[in-house]
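**Student:** So here's coords-v9.cif, just mmCIF, C-alpha atoms:
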```cif
data_my_file
#
loop_
_atom_site.label_atom_id
_atom_site.label_comp_id
_atom_site.auth_asym_id
_atom_site.auth_seq_id
_atom_site.Cartn_x
_atom_site.Cartn_y
_atom_site.Cartn_z
CA MET A 110 -24.65 4.91 21.50
CA LYS A 111 -21.64 7.18 21.92
CA ASP A 112 -19.32 4.45 20.62
CA LYS A 113 -21.16 4.18 17.30
CA ASP A 114 -21.01 6.49 14.32
CA PHE A 115 -23.63 7.02 11.60
CA THR A 116 -22.54 3.70 10.04
CA GLY A 117 -23.57 1.74 13.13
CA MET A 118 -20.10 0.26 13.50
CA PRO A 119 -18.13 0.50 16.75
CA LYS A 120 -15.30 3.05 16.64
CA GLU A 121 -12.59 0.39 16.86
CA LEU A 122 -13.79 -1.29 13.67
CA GLN A 123 -14.08 1.81 11.53
CA PRO A 124 -11.45 1.64 8.79
CA TRP A 125 -10.79 5.38 8.66
CA GLU A 126 -9.89 5.64 12.34
CA GLY A 127 -6.18 5.80 13.09
CA PHE A 128 -5.13 7.11 9.70
CA ASN A 129 -3.45 10.48 9.55
CA ARG A 130 -0.64 12.23 7.76
CA ASN A 131 1.99 10.57 9.93
CA ASN A 132 0.98 7.10 8.73
CA GLU A 133 1.09 7.90 5.02
CA VAL A 134 4.35 7.70 3.06
CA VAL A 135 4.40 10.18 0.21
CA LYS A 136 6.80 9.40 -2.63
CA VAL A 137 8.44 12.24 -4.54
CA SER A 138 10.13 11.32 -7.81
CA VAL A 139 11.26 12.96 -11.05
CA ASP A 140 10.46 11.77 -14.54
CA LYS A 141 12.04 12.91 -17.78
CA ARG A 142 9.48 13.59 -20.49
CA ARG A 143 9.68 14.53 -24.14
CA TYR A 144 12.24 17.09 -25.23
CA GLY A 145 14.18 16.70 -21.97
CA LYS A 146 11.49 18.26 -19.78
CA MET A 147 11.55 17.24 -16.12
CA VAL A 148 8.37 16.55 -14.11
CA THR A 149 8.17 16.12 -10.34
CA ILE A 150 5.63 13.44 -9.38
CA ILE A 151 4.14 13.35 -5.88
CA ASP A 152 2.29 10.11 -5.18
CA GLY A 153 0.84 8.48 -2.09
CA ILE A 154 -1.53 11.13 -0.77
CA ASP A 155 -4.88 9.55 0.06
CA PRO A 156 -7.57 11.49 -1.82
CA LYS A 157 -10.26 10.22 0.56
CA SER A 158 -8.73 11.78 3.66
CA GLU A 159 -7.01 14.81 2.09
CA ASN A 160 -8.10 17.48 -0.36
CA ILE A 161 -5.51 16.74 -3.04
CA ASN A 162 -6.51 19.75 -5.16
CA GLU A 163 -5.77 22.15 -2.28
CA ILE A 164 -2.43 20.45 -1.58
CA ALA A 165 -1.54 20.72 -5.28
CA LYS A 166 -2.44 24.40 -5.25
CA ILE A 167 -0.14 25.04 -2.27
CA LEU A 168 2.72 23.05 -3.80
CA LYS A 169 2.41 24.84 -7.16
CA LYS A 170 2.65 28.20 -5.41
CA LYS A 171 5.66 27.04 -3.40
CA ALA A 172 7.46 25.76 -6.53
CA ALA A 173 6.34 28.72 -8.66
CA SER A 174 5.52 26.35 -11.50
CA GLY A 175 2.58 24.82 -13.26
CA GLY A 176 1.17 21.44 -12.45
CA THR A 177 -1.85 19.19 -12.36
CA VAL A 178 -3.58 16.42 -10.44
CA LYS A 179 -3.57 13.18 -12.45
CA ASP A 180 -6.38 10.68 -11.94
CA GLY A 181 -7.20 12.28 -8.59
CA ARG A 182 -4.27 10.44 -7.00
CA SER A 183 -0.93 11.98 -7.94
CA ILE A 184 0.35 15.53 -8.37
CA GLU A 185 2.63 16.47 -11.26
CA LEU A 186 4.68 19.67 -11.19
CA GLN A 187 6.65 21.08 -14.08
CA GLY A 188 10.38 20.98 -13.36
CA ASP A 189 12.64 19.27 -10.83
CA HIS A 190 11.45 20.37 -7.36
CA ARG A 191 12.26 17.29 -5.25
CA ASP A 192 14.03 19.05 -2.38
CA ALA A 193 11.59 21.94 -2.08
CA MET A 194 8.58 19.60 -2.20
CA LYS A 195 10.12 17.30 0.41
CA LYS A 196 10.55 20.22 2.81
CA GLU A 197 7.06 21.57 2.16
CA LEU A 198 5.33 18.19 2.54
CA GLU A 199 7.24 17.49 5.76
CA SER A 200 6.13 20.86 7.11
CA MET A 201 2.53 19.79 6.33
CA GLY A 202 3.05 16.66 8.46
CA PHE A 203 3.63 13.96 5.81
CA LYS A 204 6.38 11.34 5.84
CA VAL A 205 8.29 11.83 2.60
CA GLN A 206 10.45 9.39 0.65
CA LEU A 207 12.55 10.54 -2.29
CA VAL A 208 12.60 8.01 -5.12
#
```
Please go through the file and, once you have read it, give me the structure as structure tokens.
**Tutor:**
Amino acid sequence: MKDKDFTGMPKELQPWEGFNRNNEVVKVSVDKRRYGKMVTIIDGIDPKSENINEIAKILKKKAASGGTVKDGRSIELQGDHRDAMKKELESMGFKVQLV
């Protein structure tokens, strides 16, 4: 019974086993919006395994800018913060790819 979880499935067949921050690739890109405003978009964080609202809160403090979580999947920060966000996400344990 030790090998089974509350789902009744063996540990090796559970889909959430083996996933962690090292396996995820987070993409950081910049988009130009109306009136020449720049927005940093962070996409690829799994909302099921991570608290995306807490990560967004930390990143907004680090960038000293406003931002939001769109559709519960991506984080948008006001301004161009690619380099700072790459360093911060890597310090959290994510693999980061600049787009």
**Student:** Expressed in Å to a single decimal, how great is the separation between atom CA of A:Glu199 and atom CA of A:Ala165?
**Tutor:**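 Atom CA of A:Glu199 sits 14.5 Å away from atom CA of A:Ala165.
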**Student:** Could you state the separation of atom CA of A:Asn162 and atom CA of A:Gly145 in Å, given to one decimal place?
**Tutor:**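 Separation between atom CA of A:Asn162 and atom CA of A:Gly145: 26.8 Å.
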**Student:** What gap, in Å, lies between atom CA of A:Ile184 and atom CA of A:Lys171?
**Tutor:**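 Rounded to one decimal, the two atoms are 13.6 Å apart.
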**Student:** Using all atoms listed in the file, pick whichever of A:Ile161, A:Val178, A:Leu168, A:Val205 has the shortest atom-to-atom distance to A:Val137.
**Tutor:**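 Checking each of A:Ile161, A:Val178, A:Leu168, A:Val205 against A:Val137, counting all atoms listed in the file, the winner is A:Val205.
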**Student:** Determine the residue set returned by the PyMOL selection byres ((chain A and resi 155) around 10) for the present structure, and present it as a list in words.
**Tutor:** Phe128, Asn129, Arg130, Glu133, Val134, Val135, Asp152, Gly153, Ile154, Pro156, Lys157, Ser158, Glu159, Asn160, Ile161, Gly181, Arg182 and Ser183 of chain A
